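Source file protein17.cif; content: mmCIF, C-alpha atoms.
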data_my_file
loop_
_atom_site.label_atom_id
_atom_site.label_comp_id
_atom_site.auth_asym_id
_atom_site.auth_seq_id
_atom_site.Cartn_x
_atom_site.Cartn_y
_atom_site.Cartn_z
CA MET A 1 5.36 61.03 23.40
CA LYS A 2 6.10 59.71 19.94
CA VAL A 3 5.08 56.12 19.20
CA LYS A 4 6.38 54.14 16.22
CA TYR A 5 5.10 50.88 14.73
CA PHE A 6 6.89 48.39 12.49
CA ALA A 7 6.12 45.37 10.28
CA TRP A 8 2.67 43.83 10.88
CA VAL A 9 2.00 46.05 13.90
CA ARG A 10 2.36 49.04 11.54
CA GLU A 11 0.20 47.41 8.88
CA ARG A 12 -2.60 46.49 11.28
CA ILE A 13 -2.73 49.98 12.81
CA GLY A 14 -2.40 51.62 9.42
CA LYS A 15 0.24 54.16 10.38
CA SER A 16 3.95 54.13 11.08
CA GLU A 17 4.05 56.74 13.83
CA GLU A 18 1.95 59.15 15.87
CA THR A 19 2.06 61.31 18.97
CA VAL A 20 -0.02 60.05 21.89
CA GLU A 21 -0.90 61.49 25.26
CA PRO A 22 -1.96 58.64 27.53
CA PRO A 23 -3.40 59.40 30.99
CA ALA A 24 -1.09 59.44 34.01
CA SER A 25 -2.33 55.99 35.05
CA VAL A 26 -0.40 54.54 32.08
CA ARG A 27 2.98 53.91 33.76
CA THR A 28 4.63 50.95 32.03
CA VAL A 29 5.07 49.52 28.54
CA ASP A 30 2.39 46.95 29.41
CA ASP A 31 0.01 49.74 30.47
CA LEU A 32 0.64 51.59 27.21
CA ILE A 33 -0.05 48.46 25.13
CA ALA A 34 -3.33 47.93 27.01
CA TRP A 35 -4.28 51.61 26.55
CA LEU A 36 -3.40 51.60 22.83
CA ALA A 37 -5.39 48.37 22.34
CA GLY A 38 -8.45 50.33 23.48
CA GLN A 39 -8.02 53.06 20.87
CA GLY A 40 -10.03 51.33 18.16
CA GLU A 41 -10.45 48.16 16.14
CA THR A 42 -7.16 48.44 14.25
CA TYR A 43 -5.25 48.90 17.53
CA ALA A 44 -7.09 46.03 19.16
CA HIS A 45 -6.08 43.81 16.23
CA ALA A 46 -2.43 44.92 16.36
CA PHE A 47 -2.15 44.31 20.09
CA GLU A 48 -4.44 41.26 20.38
CA THR A 49 -1.52 39.08 21.61
CA PRO A 50 0.52 41.41 23.85
CA ARG A 51 3.10 38.76 24.78
CA VAL A 52 4.47 38.63 21.21
CA ILE A 53 4.86 42.42 20.97
CA ARG A 54 8.40 43.73 21.50
CA ALA A 55 9.10 47.28 22.64
CA ALA A 56 11.97 49.74 22.48
CA ILE A 57 12.38 53.05 24.29
CA ASP A 58 14.67 55.61 22.66
CA HIS A 59 16.26 52.96 20.39
CA ALA A 60 16.96 50.35 23.10
CA HIS A 61 15.03 47.12 23.78
CA VAL A 62 12.98 47.19 26.99
CA LYS A 63 10.93 44.68 28.95
CA SER A 64 7.18 45.05 29.19
CA ASP A 65 7.28 46.16 32.85
CA THR A 66 9.61 49.11 32.09
CA VAL A 67 8.33 52.50 33.28
CA ILE A 68 7.77 54.83 30.33
CA ALA A 69 8.20 58.17 32.14
CA GLY A 70 10.77 60.34 30.35
CA ALA A 71 10.63 58.37 27.10
CA ARG A 72 10.90 60.44 23.92
CA GLU A 73 10.13 57.61 21.48
CA ILE A 74 8.51 54.25 22.10
CA ALA A 75 8.38 51.63 19.35
CA PHE A 76 6.27 48.48 19.09
CA PHE A 77 7.07 45.64 16.72
CA PRO A 78 6.90 41.86 16.25
CA PRO A 79 9.85 39.58 17.03
CA MET A 80 12.72 40.44 14.71
CA THR A 81 13.59 38.41 11.62
CA GLY A 82 16.69 40.08 10.20
CA GLY A 83 20.07 38.61 9.36
CA MET B 1 46.40 50.00 15.93
CA ALA B 2 42.82 51.10 16.16
CA VAL B 3 39.96 48.67 15.61
CA THR B 4 38.27 49.35 12.27
CA VAL B 5 34.48 49.21 12.66
CA THR B 6 32.17 49.64 9.67
CA ILE B 7 28.37 49.42 10.04
CA ARG B 8 26.09 50.14 7.10
CA ILE B 9 22.43 49.66 6.32
CA GLN B 10 21.77 50.08 2.64
CA GLU B 11 19.53 49.09 -0.27
CA ALA B 12 22.43 48.46 -2.63
CA ASP B 13 24.30 45.17 -2.87
CA PHE B 14 27.81 44.88 -1.41
CA ASP B 15 31.08 43.60 -2.90
CA ILE B 16 32.59 41.11 -0.45
CA GLY B 17 36.10 41.34 -1.93
CA ARG B 18 36.10 45.12 -1.68
CA GLU B 19 34.89 45.01 1.92
CA ILE B 20 37.63 42.55 2.92
CA ALA B 21 40.21 44.77 1.23
CA ALA B 22 38.93 47.81 3.15
CA LEU B 23 39.30 45.89 6.41
CA THR B 24 42.84 44.66 5.79
CA GLU B 25 44.44 47.38 3.65
CA GLY B 26 47.70 48.71 5.01
CA ARG B 27 47.81 46.33 7.98
CA ILE B 28 50.17 43.44 8.66
CA ASP B 29 48.78 42.53 12.08
CA ILE B 30 45.82 40.55 10.69
CA GLY B 31 46.13 36.79 10.36
CA ALA B 32 42.49 35.86 9.82
CA VAL B 33 39.35 37.30 8.26
CA VAL B 34 36.10 35.39 8.66
CA THR B 35 33.30 36.16 6.21
CA PHE B 36 29.65 35.35 6.71
CA SER B 37 27.22 36.35 4.01
CA GLY B 38 23.51 35.66 4.26
CA ILE B 39 21.69 35.04 0.98
CA CYS B 40 18.00 35.07 0.08
CA ARG B 41 16.86 31.46 -0.43
CA GLY B 42 14.50 30.81 -3.35
CA ARG B 43 12.65 28.05 -1.51
CA GLU B 44 11.35 27.46 1.99
CA GLY B 45 10.14 23.89 2.39
CA ASP B 46 7.84 23.22 -0.58
CA GLU B 47 7.19 26.86 -1.35
CA ALA B 48 9.04 29.02 -3.84
CA ILE B 49 10.13 32.46 -2.66
CA ALA B 50 10.60 35.07 -5.38
CA ALA B 51 11.95 37.79 -3.10
CA LEU B 52 12.08 39.22 0.41
CA THR B 53 11.34 42.77 1.43
CA LEU B 54 13.25 43.92 4.49
CA GLU B 55 11.96 46.66 6.76
CA HIS B 56 14.08 48.17 9.54
CA TYR B 57 13.89 50.70 12.36
CA PRO B 58 16.21 53.50 11.25
CA GLY B 59 18.36 54.77 14.09
CA MET B 60 17.75 51.82 16.36
CA ALA B 61 19.07 49.24 13.86
CA GLU B 62 22.40 51.08 13.61
CA ALA B 63 22.54 51.59 17.40
CA GLU B 64 21.78 47.93 18.12
CA ILE B 65 24.45 46.68 15.70
CA ALA B 66 26.95 49.18 17.17
CA ARG B 67 26.24 47.88 20.69
CA HIS B 68 26.90 44.31 19.55
CA ALA B 69 30.05 45.40 17.73
CA GLU B 70 31.32 46.96 20.96
CA THR B 71 30.55 43.76 22.86
CA ALA B 72 32.38 41.69 20.22
CA ASN B 73 35.39 44.00 20.44
CA SER B 74 35.48 43.74 24.21
CA ARG B 75 35.23 39.93 24.19
CA TRP B 76 37.63 39.06 21.36
CA PRO B 77 40.92 40.64 20.27
CA LEU B 78 39.64 41.87 16.90
CA THR B 79 41.52 44.21 14.59
CA GLY B 80 38.30 45.13 12.80
CA LEU B 81 34.77 44.18 11.91
CA THR B 82 32.22 45.04 9.24
CA VAL B 83 28.45 44.58 9.33
CA ILE B 84 26.39 45.47 6.27
CA HIS B 85 22.66 44.75 6.23
CA ARG B 86 20.54 45.37 3.16
CA VAL B 87 16.94 46.63 3.28
CA GLY B 88 14.23 46.92 0.66
CA ARG B 89 13.37 44.24 -1.92
CA ILE B 90 15.93 41.46 -2.28
CA GLN B 91 15.41 38.75 -4.89
CA ALA B 92 16.19 35.06 -4.43
CA GLY B 93 19.92 34.47 -4.81
CA GLU B 94 20.88 38.01 -3.77
CA ASN B 95 22.91 39.01 -0.73
CA ILE B 96 21.10 40.10 2.46
CA VAL B 97 23.77 40.55 5.11
CA LEU B 98 27.55 40.57 5.47
CA VAL B 99 29.59 40.10 8.64
CA LEU B 100 33.39 40.30 8.48
CA THR B 101 35.63 39.87 11.49
CA ALA B 102 39.41 40.29 11.42
CA SER B 103 41.91 39.21 14.03
CA ALA B 104 45.50 38.06 14.44
CA HIS B 105 44.28 34.47 14.86
CA ARG B 106 41.32 32.56 13.46
CA GLN B 107 39.54 31.48 16.64
CA ALA B 108 38.63 35.02 17.72
CA ALA B 109 37.45 35.86 14.20
CA PHE B 110 35.28 32.71 13.91
CA GLU B 111 33.69 33.17 17.33
CA ALA B 112 33.06 36.90 16.95
CA ALA B 113 31.42 36.41 13.53
CA GLU B 114 29.08 33.75 14.92
CA PHE B 115 28.28 35.90 17.95
CA LEU B 116 27.46 38.91 15.75
CA MET B 117 25.18 36.89 13.45
CA ASP B 118 23.34 35.21 16.33
CA TYR B 119 22.73 38.57 17.98
CA LEU B 120 21.73 40.25 14.73
CA LYS B 121 19.08 37.62 14.02
CA ALA B 122 17.51 37.83 17.47
CA ASN B 123 17.94 41.50 18.42
CA ALA B 124 18.50 43.81 15.48
CA PRO B 125 15.23 45.50 14.42
CA PHE B 126 14.75 44.12 10.91
CA TRP B 127 11.66 42.32 9.58
CA LYS B 128 11.34 40.14 6.49
CA ARG B 129 8.32 39.80 4.26
CA GLU B 130 8.27 36.89 1.78
CA GLU B 131 6.83 36.86 -1.73
CA LYS B 132 5.35 33.44 -2.48
CA PRO B 133 3.07 32.29 -5.34
CA THR B 134 0.17 32.36 -2.84
CA GLY B 135 0.85 35.96 -1.73
CA THR B 136 3.11 37.85 0.62
CA SER B 137 3.48 37.30 4.35
CA TRP B 138 5.69 38.34 7.25
CA VAL B 139 8.31 35.77 8.22
CA ASP B 140 7.75 34.29 11.68
CA ALA B 141 10.58 34.56 14.18
CA HIS B 142 12.17 31.27 15.17
CA SER B 143 12.78 30.40 18.80
CA HIS B 144 16.04 28.70 17.76
CA ASP B 145 17.35 32.16 16.80
CA ASP B 146 16.71 33.35 20.38
CA ASP B 147 18.38 30.17 21.68
CA ALA B 148 21.39 30.79 19.43
CA ALA B 149 21.76 34.34 20.79
CA ALA B 150 21.23 33.23 24.40
CA ARG B 151 24.15 30.79 24.35
CA TRP B 152 26.53 33.79 24.24
CA THR B 153 25.15 35.24 27.46
CA ARG B 154 27.61 34.88 30.28
CA SER B 155 26.18 33.54 33.49
#

Show this structure as structure tokens.
Amino acid sequence: MKVKYFAWVRERIGKSEETVEPPASVRTVDDLIAWLAGQGETYAHAFETPRVIRAAIDHAHVKSDTVIAGAREIAFFPPMTGG
Amino acid sequence: MAVTVTIRIQEADFDIGREIAALTEGRIDIGAVVTFSGICRGREGDEAIAALTLEHYPGMAEAEIARHAETANSRWPLTGLTVIHRVGRIQAGENIVLVLTASAHRQAAFEAAEFLMDYLKANAPFWKREEKPTGTSWVDAHSHDDDAAARWTRS
């Protein structure tokens, strides 16, 4: 699946998007955050406070317990500050 | 008549007068247009801000604004609405965002404009980075923005 990062999540990881293939045990958004956090120092830094990270699946906001099966694109970003 | 909905995300500035004209041209069923424009402040507390840089999530930002526009149209009898959000570097004093709502009567237009702005601030995927004399930093989200959006949720 394609994963996208925005704002300081993007800066900390050092890339704006990538394709990942997590193991089958990664079922929810929370699971994916925990798995990504284990992918290296930059990821650990980006996801060090999981409760502040917001997620979207296929351009719609989702809660952290949402199942990710079938998702084409998952995005992670900090709380929004537009307007 | 159909509801006129315009949603744009752009780097360029917008002309408020022209946008109002586009919303009302050729119609005599509109009695009220409410305009909200958000402007880049040059100071936050004691610190000067030279400019903001706005990042967005292309695709989702448009979709999220469109969802809120649909909700506004279903809750208030609007004749049209316009949402324009700028991205990229915006200097102090420049426009950031424009929300226009048009209706036969003012109350619907006032309420819908406030609803759209509250939802935009809390839910539309945009992020601001500030340029201060001490360096640049991402703007922290405010819980009062979430509270402002939550008051429109129907129980």

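The set of residues that the PyMOL selection byres ((chain B and resi 28) around 12) takes from this file is Met1, Leu23, Thr24, Glu25, Gly26, Arg27, Asp29, Ile30, Gly31, Ala32, Thr79, Ala102, Ser103 and Ala104 of chain B.
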
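Selected on chain B by distance to chain A: Gly38, Glu55, Gly59, Met60, Val97, Met117, Leu120, Lys121, Ala122, Asn123, Ala124, Pro125, Phe126, Trp127, Lys128, Val139 and Ala141 of chain B (within 7 Å, counting only C-alpha atoms).
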
For this session: Record the distance separating CA of Thr49 (chain A) and CA of Asp147 (chain B), expressed in Å with one decimal.
Result: 21.8 Å

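For the structure in this document, the set picked by the PyMOL selection byres ((chain B and resi 20) around 10) is Asp15, Ile16, Gly17, Arg18, Glu19, Ala21, Ala22, Leu23, Thr24, Glu25, Val33, Val34, Thr35, Leu81, Thr82, Leu100, Thr101 and Ala102 of chain B.
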
With C-alpha atoms retained, export the selected residues as a CSV table (one decimal), keeping the file's coordinate frame.
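File again.csv, as written:
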chain,number,residue,atom,x,y,z
B,15,ASP,CA,31.1,43.6,-2.9
B,16,ILE,CA,32.6,41.1,-0.4
B,17,GLY,CA,36.1,41.3,-1.9
B,18,ARG,CA,36.1,45.1,-1.7
B,19,GLU,CA,34.9,45.0,1.9
B,21,ALA,CA,40.2,44.8,1.2
B,22,ALA,CA,38.9,47.8,3.2
B,23,LEU,CA,39.3,45.9,6.4
B,24,THR,CA,42.8,44.7,5.8
B,25,GLU,CA,44.4,47.4,3.6
B,33,VAL,CA,39.4,37.3,8.3
B,34,VAL,CA,36.1,35.4,8.7
B,35,THR,CA,33.3,36.2,6.2
B,81,LEU,CA,34.8,44.2,11.9
B,82,THR,CA,32.2,45.0,9.2
B,100,LEU,CA,33.4,40.3,8.5
B,101,THR,CA,35.6,39.9,11.5
B,102,ALA,CA,39.4,40.3,11.4

Problem set entry | Point-to-point distance in Å for CA of Ala63 (chain B) and CA of Val9 (chain A) | 21.6 Å

For this session: Go through B:Gly42, B:Gly135, B:Pro58, B:Pro77 one by one, measure the shortest atom-to-atom distance of each to Ile9 (chain B) using only C-alpha atoms, and give the residue with the smallest value.
Result: B:Pro58

Take region 91-116 of chain B from the block and save it with C-alpha atoms, as an mmCIF file, in the first residue's frame.
data_model
loop_
_atom_site.group_PDB
_atom_site.id
_atom_site.type_symbol
_atom_site.label_atom_id
_atom_site.label_comp_id
_atom_site.auth_asym_id
_atom_site.auth_seq_id
_atom_site.Cartn_x
_atom_site.Cartn_y
_atom_site.Cartn_z
ATOM 1 C CA GLN B 91 3.599 37.035 3.629
ATOM 2 C CA ALA B 92 2.227 38.957 6.604
ATOM 3 C CA GLY B 93 -0.782 41.012 5.531
ATOM 4 C CA GLU B 94 -1.679 38.723 2.624
ATOM 5 C CA ASN B 95 -4.859 36.690 2.226
ATOM 6 C CA ILE B 96 -4.884 33.016 3.258
ATOM 7 C CA VAL B 97 -8.462 31.821 2.924
ATOM 8 C CA LEU B 98 -11.823 33.013 1.616
ATOM 9 C CA VAL B 99 -15.270 31.681 2.491
ATOM 10 C CA LEU B 100 -18.348 33.173 0.834
ATOM 11 C CA THR B 101 -21.874 32.017 1.531
ATOM 12 C CA ALA B 102 -24.958 33.324 -0.277
ATOM 13 C CA SER B 103 -28.570 32.910 0.719
ATOM 14 C CA ALA B 104 -31.953 34.611 0.483
ATOM 15 C CA HIS B 105 -31.615 35.738 4.112
ATOM 16 C CA ARG B 106 -28.639 36.647 6.280
ATOM 17 C CA GLN B 107 -28.958 34.141 9.116
ATOM 18 C CA ALA B 108 -28.306 31.090 6.924
ATOM 19 C CA ALA B 109 -25.349 32.823 5.274
ATOM 20 C CA PHE B 110 -23.788 33.875 8.611
ATOM 21 C CA GLU B 111 -24.195 30.442 10.187
ATOM 22 C CA ALA B 112 -22.983 28.496 7.154
ATOM 23 C CA ALA B 113 -19.867 30.684 6.831
ATOM 24 C CA GLU B 114 -18.983 30.140 10.485
ATOM 25 C CA PHE B 115 -19.632 26.409 10.194
ATOM 26 C CA LEU B 116 -17.385 26.136 7.120
#
